[in-house]
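Source file: structure.cif (mmCIF, C-alpha atoms and all ligand atoms)
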```cif
data_final
loop_
_atom_site.label_atom_id
_atom_site.label_comp_id
_atom_site.auth_asym_id
_atom_site.auth_seq_id
_atom_site.Cartn_x
_atom_site.Cartn_y
_atom_site.Cartn_z
CA MET A 11 112.47 -22.70 99.72
CA ILE A 12 109.34 -21.20 98.24
CA LEU A 13 109.43 -17.55 97.19
CA ASP A 14 106.03 -15.85 97.45
CA LEU A 15 105.58 -12.50 95.68
CA ASP A 16 102.76 -10.01 96.15
CA ILE A 17 103.33 -7.22 93.65
CA GLY A 18 101.11 -4.25 94.47
CA ASN A 19 100.92 -0.71 93.13
CA THR A 20 103.10 0.71 95.92
CA LEU A 21 105.17 -2.14 97.31
CA SER A 22 106.31 -5.52 96.04
CA LYS A 23 106.25 -7.80 99.02
CA TRP A 24 108.20 -11.06 99.17
CA ARG A 25 108.69 -13.83 101.67
CA LEU A 26 110.70 -17.04 101.75
CA LYS A 27 108.98 -20.10 103.11
CA ASP A 28 110.66 -23.36 104.06
CA THR A 29 109.30 -26.16 101.87
CA VAL A 30 109.79 -28.79 104.57
CA SER A 31 108.87 -27.06 107.84
CA SER A 32 106.45 -24.52 106.31
CA GLU A 33 108.14 -21.80 108.41
CA ILE A 34 108.60 -18.28 107.08
CA ARG A 35 112.39 -17.71 106.91
CA SER A 36 112.52 -14.09 105.79
CA ARG A 37 110.45 -11.36 104.24
CA GLY A 38 110.75 -7.91 102.78
CA ALA A 39 109.27 -5.27 100.53
CA VAL A 40 110.57 -3.28 97.59
CA TRP A 41 109.27 0.17 96.71
CA THR A 42 107.75 -0.22 93.24
CA ARG A 43 105.68 2.83 92.67
CA GLU A 44 107.73 4.72 90.14
CA GLU A 45 109.73 1.88 88.78
CA TRP A 46 110.21 -1.83 89.28
CA ARG A 47 113.43 -3.47 88.26
CA PRO A 48 112.59 -7.13 87.99
CA GLY A 49 114.72 -9.28 90.18
CA SER A 50 116.86 -6.50 91.60
CA ASP A 51 116.00 -6.93 95.25
CA ILE A 52 114.62 -10.42 95.32
CA PRO A 53 116.48 -12.91 97.56
CA ASP A 54 119.08 -15.34 96.28
CA LEU A 55 117.29 -17.60 93.81
CA ASP A 56 119.72 -20.49 94.29
CA VAL A 57 117.75 -21.74 97.28
CA VAL A 58 114.34 -21.24 95.65
CA GLU A 59 112.54 -24.30 94.27
CA ALA A 60 109.24 -22.64 93.47
CA VAL A 61 107.79 -19.14 93.09
CA ARG A 62 104.16 -18.10 93.53
CA ILE A 63 103.09 -14.68 92.28
CA SER A 64 100.12 -12.39 92.75
CA SER A 65 100.62 -9.22 90.71
CA VAL A 66 98.48 -6.19 89.93
CA ALA A 67 101.37 -4.41 88.23
CA ARG A 68 101.41 -3.74 84.50
CA GLN A 69 101.40 -6.85 82.28
CA THR A 70 104.89 -6.07 80.96
CA VAL A 71 106.26 -6.02 84.52
CA LEU A 72 104.77 -9.40 85.28
CA ARG A 73 106.01 -10.83 81.98
CA GLU A 74 109.56 -9.64 82.59
CA THR A 75 109.52 -10.90 86.18
CA VAL A 76 108.19 -14.31 85.21
CA GLY A 77 110.66 -14.55 82.30
CA LEU A 78 113.56 -13.81 84.61
CA LEU A 79 112.39 -16.25 87.28
CA ARG A 80 111.69 -19.07 84.83
CA ARG A 81 115.36 -19.07 83.78
CA GLN A 82 116.43 -19.82 87.35
CA VAL A 83 113.58 -21.55 89.15
CA GLY A 84 111.94 -24.84 88.22
CA ALA A 85 108.36 -23.97 89.07
CA VAL A 86 106.70 -20.57 88.71
CA TYR A 87 103.01 -20.27 89.54
CA VAL A 88 101.16 -17.11 88.56
CA ALA A 89 97.76 -16.50 90.17
CA ARG A 90 94.86 -15.37 87.97
CA SER A 91 91.33 -14.30 88.75
CA THR A 92 89.04 -17.04 87.52
CA ALA A 93 85.28 -17.62 87.41
CA GLU A 94 85.49 -20.19 90.20
CA ALA A 95 88.12 -21.48 92.63
CA LEU A 96 88.18 -23.35 95.95
CA GLY A 97 84.41 -23.25 96.28
CA VAL A 98 84.09 -19.53 95.54
CA THR A 99 82.34 -18.15 92.45
CA ASN A 100 83.67 -14.82 91.25
CA GLY A 101 80.99 -12.09 91.30
CA TYR A 102 82.47 -9.98 88.49
CA GLU A 103 80.71 -9.87 85.11
CA ASP A 104 84.14 -10.45 83.62
CA PRO A 105 85.88 -12.54 86.31
CA GLY A 106 89.37 -12.01 84.87
CA ARG A 107 89.06 -8.27 85.54
CA LEU A 108 88.83 -8.65 89.31
CA GLY A 109 92.19 -7.61 90.81
CA VAL A 110 94.05 -10.83 91.53
CA ASP A 111 95.10 -9.54 94.98
CA ARG A 112 91.40 -9.16 95.81
CA TRP A 113 90.70 -12.66 94.50
CA MET A 114 93.56 -14.14 96.55
CA GLY A 115 92.32 -12.28 99.64
CA ALA A 116 88.74 -13.43 99.15
CA LEU A 117 89.78 -17.06 98.59
CA ALA A 118 92.05 -17.07 101.65
CA SER A 119 89.39 -15.46 103.83
CA TYR A 120 86.73 -17.89 102.61
CA GLN A 121 89.00 -20.85 103.26
CA LEU A 122 89.63 -19.54 106.79
CA ALA A 123 86.23 -18.23 107.78
CA GLY A 124 83.59 -19.33 105.26
CA GLY A 125 81.41 -16.38 104.23
CA CYS A 126 83.45 -13.23 104.87
CA CYS A 127 84.27 -9.62 104.16
CA SER A 128 87.90 -9.13 103.12
CA VAL A 129 89.38 -5.63 103.15
CA ASP A 130 92.77 -4.72 101.64
CA CYS A 131 94.08 -1.33 102.78
CA GLY A 132 96.87 -0.71 100.27
CA SER A 133 97.29 1.85 97.48
CA ALA A 134 93.58 1.37 97.05
CA ILE A 135 91.20 0.16 99.74
CA THR A 136 89.23 -2.77 98.39
CA ILE A 137 86.29 -4.38 100.17
CA ASP A 138 85.04 -7.76 98.94
CA PHE A 139 82.22 -10.00 100.12
CA VAL A 140 81.76 -13.76 99.90
CA LEU A 141 78.54 -15.30 101.22
CA PRO A 142 78.45 -18.57 103.14
CA GLY A 143 78.20 -21.12 100.34
CA GLY A 144 80.83 -19.33 98.29
CA ARG A 145 79.10 -16.66 96.21
CA HIS A 146 81.43 -13.66 95.83
CA LEU A 147 79.25 -10.57 95.51
CA GLY A 148 81.86 -8.24 94.05
CA GLY A 149 83.00 -5.30 96.09
CA TYR A 150 84.13 -1.72 96.44
CA ILE A 151 87.29 0.17 95.51
CA LEU A 152 88.26 3.50 97.03
CA PRO A 153 91.54 5.40 97.17
CA GLY A 154 93.91 4.29 99.93
CA LEU A 155 95.12 6.66 102.65
CA ARG A 156 98.24 7.70 100.77
CA LEU A 157 96.40 8.28 97.48
CA MET A 158 93.73 10.37 99.19
CA LYS A 159 96.39 12.51 100.78
CA GLU A 160 98.35 12.96 97.55
CA SER A 161 95.25 13.97 95.63
CA LEU A 162 94.76 16.99 97.91
CA GLN A 163 98.11 18.60 97.05
CA LEU A 164 98.24 20.62 100.23
CA GLY A 165 101.91 20.02 100.84
CA THR A 166 101.17 17.28 103.35
CA ARG A 167 102.03 14.29 101.20
CA ASN A 168 105.13 13.41 103.18
CA VAL A 169 103.53 13.62 106.60
CA ALA A 170 102.28 10.09 107.15
CA ILE A 171 99.64 9.12 109.65
CA ASP A 172 101.50 7.75 112.65
CA PRO A 173 100.45 4.09 112.62
CA ASP A 174 100.65 4.06 116.43
CA SER A 175 98.11 6.85 116.87
CA GLU A 176 94.91 6.01 118.68
CA ALA A 177 91.74 6.10 116.57
CA ASP A 178 90.22 8.61 118.99
CA GLU A 179 92.95 11.15 118.23
CA LEU A 180 92.74 10.47 114.49
CA LEU A 181 88.99 11.03 114.45
CA ALA A 182 89.13 14.38 116.29
CA PRO A 183 88.96 17.70 114.38
CA GLY A 184 92.42 18.67 113.08
CA LYS A 185 94.03 21.85 114.44
CA ASN A 186 96.39 22.44 111.50
CA THR A 187 96.54 21.44 107.83
CA VAL A 188 98.48 18.23 108.41
CA GLU A 189 96.08 17.10 111.13
CA ALA A 190 92.99 18.18 109.21
CA VAL A 191 94.11 16.18 106.18
CA ASN A 192 95.23 13.13 108.12
CA HIS A 193 92.12 13.03 110.27
CA GLY A 194 89.88 13.71 107.27
CA ILE A 195 91.19 10.87 105.17
CA TYR A 196 91.27 8.55 108.16
CA MET A 197 87.63 9.35 108.87
CA ALA A 198 86.79 8.74 105.19
CA ALA A 199 88.48 5.36 105.15
CA VAL A 200 87.13 3.95 108.41
CA SER A 201 83.61 5.35 107.85
CA ALA A 202 83.53 3.70 104.45
CA VAL A 203 84.63 0.33 105.79
CA ASN A 204 82.22 0.47 108.76
CA ARG A 205 79.30 1.57 106.59
CA ILE A 206 79.90 -0.77 103.67
CA TYR A 207 80.31 -3.75 105.99
CA SER A 208 77.03 -2.97 107.78
CA GLU A 209 75.10 -2.16 104.59
CA VAL A 210 76.06 -5.40 102.85
CA CYS A 211 75.46 -7.58 105.93
CA ASP A 212 72.03 -5.92 106.23
CA ARG A 213 71.20 -6.41 102.52
CA GLU A 214 72.25 -10.04 102.55
CA GLY A 215 70.82 -10.84 105.99
CA VAL A 216 74.05 -12.30 107.37
CA ALA A 217 76.73 -11.14 109.84
CA LEU A 218 80.07 -11.97 108.23
CA PRO A 219 83.55 -12.32 109.74
CA LEU A 220 85.64 -9.28 108.79
CA LEU A 221 89.33 -9.61 107.85
CA LEU A 222 91.79 -6.81 107.08
CA THR A 223 95.11 -6.78 105.25
CA GLY A 224 97.48 -4.30 103.53
CA GLY A 225 100.01 -1.66 104.54
CA ASP A 226 97.41 0.47 106.35
CA ALA A 227 95.44 -2.40 107.91
CA ARG A 228 96.76 -1.86 111.42
CA VAL A 229 95.84 1.81 111.63
CA VAL A 230 92.47 1.35 109.86
CA SER A 231 91.73 -1.53 112.24
CA ARG A 232 91.70 0.86 115.22
CA GLY A 233 88.77 2.74 113.73
CA ILE A 234 86.66 -0.32 112.89
CA ARG A 235 83.83 -0.73 115.35
CA VAL A 236 82.90 -4.35 114.75
CA PRO A 237 84.95 -7.46 115.64
CA HIS A 238 87.57 -8.21 113.00
CA ALA A 239 91.10 -9.56 112.57
CA VAL A 240 94.19 -8.18 110.83
CA TRP A 241 95.87 -10.73 108.57
CA PRO A 242 99.06 -9.31 107.00
CA ASP A 243 99.64 -12.50 104.96
CA MET A 244 96.12 -12.73 103.51
CA VAL A 245 97.20 -12.46 99.85
CA TYR A 246 99.93 -15.03 100.48
CA GLY A 247 97.20 -17.21 102.03
CA GLY A 248 95.40 -17.18 98.69
CA LEU A 249 98.61 -18.27 96.96
CA GLU A 250 99.05 -21.10 99.47
CA ALA A 251 95.47 -22.24 98.97
CA CYS A 252 95.64 -22.09 95.15
CA PHE A 253 99.09 -23.64 94.83
CA PRO A 254 99.65 -25.80 97.93
CA LEU A 255 103.23 -27.06 98.04
CA THR A 256 104.05 -28.00 101.63
CA VAL A 257 102.48 -30.70 103.79
CA ALA A 258 100.80 -28.06 105.98
CA GLU A 259 99.43 -26.24 102.93
CA ARG A 260 98.05 -29.46 101.48
CA ALA A 261 96.26 -29.94 104.80
CA GLY A 262 94.66 -26.50 104.29
CA ARG A 263 96.81 -24.47 106.70
CA MET A 264 97.78 -20.92 105.76
CA SER A 265 100.76 -19.27 107.50
CA GLY A 266 99.93 -16.47 109.89
CA ALA A 267 96.19 -16.93 109.61
CA PRO A 268 94.46 -15.24 112.57
CA ARG A 269 91.71 -16.68 114.71
CA VAL A 270 88.39 -16.21 112.94
CA PRO A 271 86.70 -13.16 114.48
CA ALA A 272 83.16 -13.99 115.60
CA PRO A 273 80.89 -11.34 114.07
CA VAL A 274 78.36 -9.48 116.22
CA ALA A 275 74.70 -10.46 115.85
CA LEU A 276 72.99 -9.21 112.69
CA GLU A 277 70.41 -7.34 114.81
CA LYS A 278 73.21 -5.29 116.35
CA ILE A 279 74.64 -4.45 112.93
CA ARG A 280 71.17 -3.41 111.79
CA ALA A 281 70.57 -1.35 114.92
CA GLY A 282 73.88 0.48 114.39
CA LEU A 283 72.97 1.17 110.78
CA ALA A 284 69.49 2.44 111.68
CA PHE A 285 71.01 4.69 114.35
CA SER A 286 73.63 6.19 112.02
CA THR A 287 71.13 6.82 109.22
CA LEU A 288 68.63 8.44 111.61
CA LEU A 289 71.09 11.05 112.83
N1 LIG B 1 106.61 1.56 105.43
C1 LIG B 1 105.70 1.83 104.50
N2 LIG B 1 106.09 2.06 103.24
C2 LIG B 1 105.19 2.32 102.31
N3 LIG B 1 103.87 2.38 102.51
C3 LIG B 1 103.42 2.17 103.73
C4 LIG B 1 104.29 1.87 104.79
N4 LIG B 1 103.54 1.68 105.89
C5 LIG B 1 102.27 1.86 105.54
N5 LIG B 1 102.17 2.18 104.24
C6 LIG B 1 100.92 2.41 103.54
O1 LIG B 1 100.63 1.19 102.91
C7 LIG B 1 100.30 1.39 101.54
C8 LIG B 1 100.93 0.29 100.76
O2 LIG B 1 100.36 -0.90 101.25
P1 LIG B 1 100.37 -2.21 100.41
O3 LIG B 1 99.34 -3.07 101.00
O4 LIG B 1 101.75 -2.75 100.30
O5 LIG B 1 99.90 -1.62 99.01
P2 LIG B 1 99.95 -2.21 97.56
O6 LIG B 1 99.55 -3.66 97.68
O7 LIG B 1 98.96 -1.37 96.84
O8 LIG B 1 101.34 -2.04 97.04
C9 LIG B 1 100.85 2.76 101.17
O9 LIG B 1 100.03 3.37 100.22
C10 LIG B 1 100.83 3.50 102.50
O10 LIG B 1 99.61 4.19 102.70
C1 LIG B 2 92.06 -2.25 92.92
C2 LIG B 2 93.54 -2.54 92.83
C3 LIG B 2 94.22 -1.40 92.09
C4 LIG B 2 94.11 -2.62 94.26
O1 LIG B 2 95.49 -2.79 94.19
P1 LIG B 2 96.49 -2.42 95.38
O2 LIG B 2 95.95 -1.27 96.12
O3 LIG B 2 96.52 -3.64 96.29
O4 LIG B 2 97.82 -2.18 94.77
C5 LIG B 2 93.83 -3.90 92.15
O5 LIG B 2 93.14 -4.91 92.80
C6 LIG B 2 93.45 -3.88 90.68
O6 LIG B 2 94.22 -3.43 89.85
N1 LIG B 2 92.24 -4.35 90.35
C7 LIG B 2 91.70 -4.40 89.01
C8 LIG B 2 90.39 -3.69 88.97
C9 LIG B 2 89.30 -4.38 89.78
O7 LIG B 2 89.57 -5.13 90.73
O8 LIG B 2 88.13 -4.16 89.44
K K B 3 94.53 -2.95 98.00
#
```

Could you quickly redo this structure as structure tokens?
Ligand SMILES: Nc1ncnc2c1ncn2[C@@H]1O[C@H](COP(=O)(O)OP(=O)(O)O)[C@@H](O)[C@H]1O
Ligand SMILES: CC(C)(COP(=O)(O)O)[C@@H](O)C(=O)NCCC(=O)O
Ligand SMILES: [K+]
Amino acid sequence: MILDLDIGNTLSKWRLKDTVSSEIRSRGAVWTREEWRPGSDIPDLDVVEAVRISSVARQTVLRETVGLLRRQVGAVYVARSTAEALGVTNGYEDPGRLGVDRWMGALASYQLAGGCCSVDCGSAITIDFVLPGGRHLGGYILPGLRLMKESLQLGTRNVAIDPDSEADELLAPGKNTVEAVNHGIYMAAVSAVNRIYSEVCDREGVALPLLLTGGDARVVSRGIRVPHAVWPDMVYGGLEACFPLTVAERAGRMSGAPRVPAPVALEKIRAGLAFSTLL
């Protein structure tokens, strides 16, 4: 078995993948916001032959986790943001500073779709662009839905946005504090993604496939006006592409990869942008 770990600022996600069949056997998430006890909730390591890790947690957390895993597992691969990988050149002035989850997402999306916009709706919402040909432009970071809500301190922090709500409801004016906050932050998040996507496609003169991941991807997706796909395993896809271990991975296949969404024509994106800036 392969154990894949995606350690974020809110949740540490794990999944077990069969080395032979490439099937996902199990998966889970551990709440890691206040504290992360390395190893405590990770599956039985006896069956694990290799571990692949993407972590944006503090260095000490990663060091402890890797130390613990190395004692029990033969191969431990830790992803890093580099200046170049898999045909993509990192757009950051200091490539190592780009969040490795963003780098994994961008690499996976590029491998799947070529030039792309990859959006990760987690603790933070990150939006990254890679042009056809592989130039990563850099990206945008804004607070995620939960962080936005917590920063308001209006006593609504524990009232989550119902992920099954329709975008129409979530974009309507709120009729009480909870609604006003939830609809406000939802509007902020989806407007930012819609606008940033259109602005960058316009600047660069190319309509790019748009891919979403992260804990809030499903609900954000409902408010996105252009064609796109939700890919929950996008960060894992980057790990598979960087450290291919199974036959399927060596052939370039990433588990759970969606169909590539065909973007709308650039003229339509530009028309939408012109319309929204005229109003
Ligand atoms: N069941 C859930 N538990 C925790 N957070 C959730 C859940 N469902 C959705 N979320 C949202 O997803 C975010 C965490 O998403 P995730 O992509 O795992 O973040 P990160 O990678 O930053 O840890 C939370 O900030 C919250 O807004
Ligand atoms: C921006 C992030 C905090 C997002 O992390 P997440 O919301 O997935 O937990 C993470 O990618 C990070 O720590 N990045 C380093 C800073 C940067 O990318 O510029
Ligand atoms: K994120």

Selected residue, from A:Val76, A:Pro153, A:Pro142, A:Arg25, that lies nearest to Glu214 (chain A) when counting all atoms listed in the file: A:Pro142

All residues within 9 Å of ligand LIG 2 (chain B) are required, counting all atoms listed in the file; please report them as a PDB file with C-alpha atoms, in the frame of the given file.
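Contents of the output file pocket.pdb:
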```pdb
ATOM      1  CA  ASP A  16     102.760 -10.010  96.150  1.00  0.00           C
ATOM      2  CA  ILE A  17     103.330  -7.220  93.650  1.00  0.00           C
ATOM      3  CA  GLY A  18     101.110  -4.250  94.470  1.00  0.00           C
ATOM      4  CA  ASN A  19     100.920  -0.710  93.130  1.00  0.00           C
ATOM      5  CA  THR A  20     103.100   0.710  95.920  1.00  0.00           C
ATOM      6  CA  LEU A  21     105.170  -2.140  97.310  1.00  0.00           C
ATOM      7  CA  SER A  65     100.620  -9.220  90.710  1.00  0.00           C
ATOM      8  CA  VAL A  66      98.480  -6.190  89.930  1.00  0.00           C
ATOM      9  CA  ALA A  67     101.370  -4.410  88.230  1.00  0.00           C
ATOM     10  CA  ARG A  68     101.410  -3.740  84.500  1.00  0.00           C
ATOM     11  CA  TYR A 102      82.470  -9.980  88.490  1.00  0.00           C
ATOM     12  CA  GLY A 106      89.370 -12.010  84.870  1.00  0.00           C
ATOM     13  CA  ARG A 107      89.060  -8.270  85.540  1.00  0.00           C
ATOM     14  CA  LEU A 108      88.830  -8.650  89.310  1.00  0.00           C
ATOM     15  CA  GLY A 109      92.190  -7.610  90.810  1.00  0.00           C
ATOM     16  CA  VAL A 110      94.050 -10.830  91.530  1.00  0.00           C
ATOM     17  CA  ASP A 111      95.100  -9.540  94.980  1.00  0.00           C
ATOM     18  CA  ARG A 112      91.400  -9.160  95.810  1.00  0.00           C
ATOM     19  CA  TRP A 113      90.700 -12.660  94.500  1.00  0.00           C
ATOM     20  CA  ASP A 130      92.770  -4.720 101.640  1.00  0.00           C
ATOM     21  CA  CYS A 131      94.080  -1.330 102.780  1.00  0.00           C
ATOM     22  CA  GLY A 132      96.870  -0.710 100.270  1.00  0.00           C
ATOM     23  CA  SER A 133      97.290   1.850  97.480  1.00  0.00           C
ATOM     24  CA  ALA A 134      93.580   1.370  97.050  1.00  0.00           C
ATOM     25  CA  ILE A 135      91.200   0.160  99.740  1.00  0.00           C
ATOM     26  CA  THR A 136      89.230  -2.770  98.390  1.00  0.00           C
ATOM     27  CA  GLY A 148      81.860  -8.240  94.050  1.00  0.00           C
ATOM     28  CA  GLY A 149      83.000  -5.300  96.090  1.00  0.00           C
ATOM     29  CA  TYR A 150      84.130  -1.720  96.440  1.00  0.00           C
ATOM     30  CA  ILE A 151      87.290   0.170  95.510  1.00  0.00           C
ATOM     31  CA  LEU A 152      88.260   3.500  97.030  1.00  0.00           C
ATOM     32  CA  PRO A 153      91.540   5.400  97.170  1.00  0.00           C
ATOM     33  CA  GLY A 154      93.910   4.290  99.930  1.00  0.00           C
ATOM     34  CA  GLY A 224      97.480  -4.300 103.530  1.00  0.00           C
TER      35      GLY A 224
END
```

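Here the question is which of A:Ser175, A:Ser208, A:Thr223, A:Thr70 gets nearest to ligand K 3 (chain B) using only C-alpha atoms and all ligand atoms, and that residue is A:Thr223.
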
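One finds CA of Phe139 (chain A) at 28.7 Å from CA of Gly38 (chain A).
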
Best match for closeness to ligand LIG 1 (chain B) among A:Pro173, A:Gly233, A:Pro254, A:Pro273, counting only C-alpha atoms and all ligand atoms: A:Pro173

10 Å contact set for region 190-201 of chain A, only C-alpha atoms, chain neighbours under 2 positions out, as JSON, numbers by chain: {"A": [131, 135, 152, 153, 154, 155, 156, 157, 158, 159, 162, 164, 166, 167, 169, 170, 171, 172, 177, 178, 179, 180, 181, 182, 183, 184, 185, 186, 187, 188, 203, 204, 205, 206, 207, 229, 230, 231, 232, 233, 234, 235]}

From A:Arg81, A:Arg73, A:His146, A:Arg62, residue lying nearest Ala93 (chain A) [all atoms listed in the file]: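 Of A:Arg81, A:Arg73, A:His146, A:Arg62, the one nearest Ala93 (chain A) is A:His146, counting all atoms listed in the file.
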
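The shortest atom-to-atom distance to ligand K 3 (chain B), with all atoms listed in the file taken into account, belongs to A:Asp226 out of A:Asp226, A:Asp14, A:Glu189, A:Asp212.
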
Straight-line distance linking CA of Gln82 (chain A) with CA of Asp56 (chain A), stated in Å to one decimal: 7.7 Å

Which of A:Trp24, A:Asp138, A:Ala118, A:Ala261 sits closest to ligand K 3 (chain B) [using all atoms listed in the file]: A:Asp138

Ala95 (chain A) surroundings by only C-alpha atoms, 12 Å radius, close-in-sequence under 3 positions cut, as a PyMOL selection string: chain A and resi 89-92+98-101+105+113-114+116-118+120-121+144-146+248-249+251-253

Atom O4 of ligand LIG 1 (chain B) to CA of Ala39 (chain A), distance in Å rounded to a single decimal: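 The value is 7.9 Å.
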
File contents for region 203-211 of chain A with all heavy atoms as a PDB file, in the first residue's frame:
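Okay, this is what ended up in decode-v7.pdb:
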```
ATOM      1  N   VAL A 203     -12.988  34.446  -7.416  1.00  0.00           N
ATOM      2  CA  VAL A 203     -12.550  33.396  -8.359  1.00  0.00           C
ATOM      3  C   VAL A 203     -13.006  33.737  -9.777  1.00  0.00           C
ATOM      4  O   VAL A 203     -12.215  33.689 -10.732  1.00  0.00           O
ATOM      5  CB  VAL A 203     -13.060  31.993  -7.934  1.00  0.00           C
ATOM      6  CG1 VAL A 203     -12.690  30.940  -8.975  1.00  0.00           C
ATOM      7  CG2 VAL A 203     -12.498  31.595  -6.561  1.00  0.00           C
ATOM      8  N   ASN A 204     -14.281  34.123  -9.924  1.00  0.00           N
ATOM      9  CA  ASN A 204     -14.788  34.472 -11.262  1.00  0.00           C
ATOM     10  C   ASN A 204     -13.971  35.603 -11.886  1.00  0.00           C
ATOM     11  O   ASN A 204     -13.554  35.548 -13.042  1.00  0.00           O
ATOM     12  CB  ASN A 204     -16.261  34.906 -11.176  1.00  0.00           C
ATOM     13  CG  ASN A 204     -17.216  33.720 -11.085  1.00  0.00           C
ATOM     14  OD1 ASN A 204     -17.039  32.712 -11.767  1.00  0.00           O
ATOM     15  ND2 ASN A 204     -18.228  33.823 -10.231  1.00  0.00           N
ATOM     16  N   ARG A 205     -13.736  36.646 -11.093  1.00  0.00           N
ATOM     17  CA  ARG A 205     -13.056  37.832 -11.613  1.00  0.00           C
ATOM     18  C   ARG A 205     -11.591  37.551 -11.941  1.00  0.00           C
ATOM     19  O   ARG A 205     -11.087  37.920 -13.005  1.00  0.00           O
ATOM     20  CB  ARG A 205     -13.182  38.960 -10.589  1.00  0.00           C
ATOM     21  CG  ARG A 205     -12.555  40.263 -10.986  1.00  0.00           C
ATOM     22  CD  ARG A 205     -13.323  40.896 -12.155  1.00  0.00           C
ATOM     23  NE  ARG A 205     -12.677  42.121 -12.543  1.00  0.00           N
ATOM     24  CZ  ARG A 205     -13.010  43.324 -12.077  1.00  0.00           C
ATOM     25  NH1 ARG A 205     -14.005  43.447 -11.224  1.00  0.00           N
ATOM     26  NH2 ARG A 205     -12.370  44.392 -12.489  1.00  0.00           N
ATOM     27  N   ILE A 206     -10.909  36.901 -11.009  1.00  0.00           N
ATOM     28  CA  ILE A 206      -9.484  36.635 -11.216  1.00  0.00           C
ATOM     29  C   ILE A 206      -9.290  35.733 -12.439  1.00  0.00           C
ATOM     30  O   ILE A 206      -8.412  35.972 -13.272  1.00  0.00           O
ATOM     31  CB  ILE A 206      -8.865  36.015  -9.939  1.00  0.00           C
ATOM     32  CG1 ILE A 206      -8.753  37.083  -8.847  1.00  0.00           C
ATOM     33  CG2 ILE A 206      -7.503  35.390 -10.230  1.00  0.00           C
ATOM     34  CD1 ILE A 206      -8.403  36.554  -7.457  1.00  0.00           C
ATOM     35  N   TYR A 207     -10.129  34.718 -12.554  1.00  0.00           N
ATOM     36  CA  TYR A 207     -10.031  33.823 -13.716  1.00  0.00           C
ATOM     37  C   TYR A 207     -10.166  34.628 -15.011  1.00  0.00           C
ATOM     38  O   TYR A 207      -9.339  34.528 -15.913  1.00  0.00           O
ATOM     39  CB  TYR A 207     -11.108  32.735 -13.636  1.00  0.00           C
ATOM     40  CG  TYR A 207     -11.212  31.899 -14.883  1.00  0.00           C
ATOM     41  CD1 TYR A 207     -10.308  30.862 -15.119  1.00  0.00           C
ATOM     42  CD2 TYR A 207     -12.187  32.151 -15.848  1.00  0.00           C
ATOM     43  CE1 TYR A 207     -10.378  30.102 -16.288  1.00  0.00           C
ATOM     44  CE2 TYR A 207     -12.265  31.406 -17.007  1.00  0.00           C
ATOM     45  CZ  TYR A 207     -11.364  30.379 -17.225  1.00  0.00           C
ATOM     46  OH  TYR A 207     -11.431  29.645 -18.380  1.00  0.00           O
ATOM     47  N   SER A 208     -11.201  35.471 -15.083  1.00  0.00           N
ATOM     48  CA  SER A 208     -11.452  36.239 -16.305  1.00  0.00           C
ATOM     49  C   SER A 208     -10.343  37.249 -16.576  1.00  0.00           C
ATOM     50  O   SER A 208      -9.889  37.409 -17.715  1.00  0.00           O
ATOM     51  CB  SER A 208     -12.784  36.985 -16.198  1.00  0.00           C
ATOM     52  OG  SER A 208     -13.824  36.076 -16.005  1.00  0.00           O
ATOM     53  N   GLU A 209      -9.914  37.939 -15.525  1.00  0.00           N
ATOM     54  CA  GLU A 209      -8.856  38.962 -15.691  1.00  0.00           C
ATOM     55  C   GLU A 209      -7.581  38.338 -16.253  1.00  0.00           C
ATOM     56  O   GLU A 209      -6.952  38.893 -17.152  1.00  0.00           O
ATOM     57  CB  GLU A 209      -8.512  39.599 -14.335  1.00  0.00           C
ATOM     58  CG  GLU A 209      -9.572  40.503 -13.771  1.00  0.00           C
ATOM     59  CD  GLU A 209      -9.557  41.914 -14.361  1.00  0.00           C
ATOM     60  OE1 GLU A 209      -8.657  42.234 -15.160  1.00  0.00           O
ATOM     61  OE2 GLU A 209     -10.482  42.671 -14.025  1.00  0.00           O
ATOM     62  N   VAL A 210      -7.178  37.208 -15.691  1.00  0.00           N
ATOM     63  CA  VAL A 210      -5.895  36.623 -16.109  1.00  0.00           C
ATOM     64  C   VAL A 210      -6.008  36.028 -17.514  1.00  0.00           C
ATOM     65  O   VAL A 210      -5.103  36.193 -18.338  1.00  0.00           O
ATOM     66  CB  VAL A 210      -5.373  35.610 -15.068  1.00  0.00           C
ATOM     67  CG1 VAL A 210      -4.109  34.922 -15.571  1.00  0.00           C
ATOM     68  CG2 VAL A 210      -5.105  36.308 -13.741  1.00  0.00           C
ATOM     69  N   CYS A 211      -7.150  35.372 -17.818  1.00  0.00           N
ATOM     70  CA  CYS A 211      -7.331  34.863 -19.187  1.00  0.00           C
ATOM     71  C   CYS A 211      -7.279  36.024 -20.179  1.00  0.00           C
ATOM     72  O   CYS A 211      -6.655  35.937 -21.245  1.00  0.00           O
ATOM     73  CB  CYS A 211      -8.661  34.113 -19.315  1.00  0.00           C
ATOM     74  SG  CYS A 211      -8.683  32.531 -18.457  1.00  0.00           S
TER      75      CYS A 211
END
```
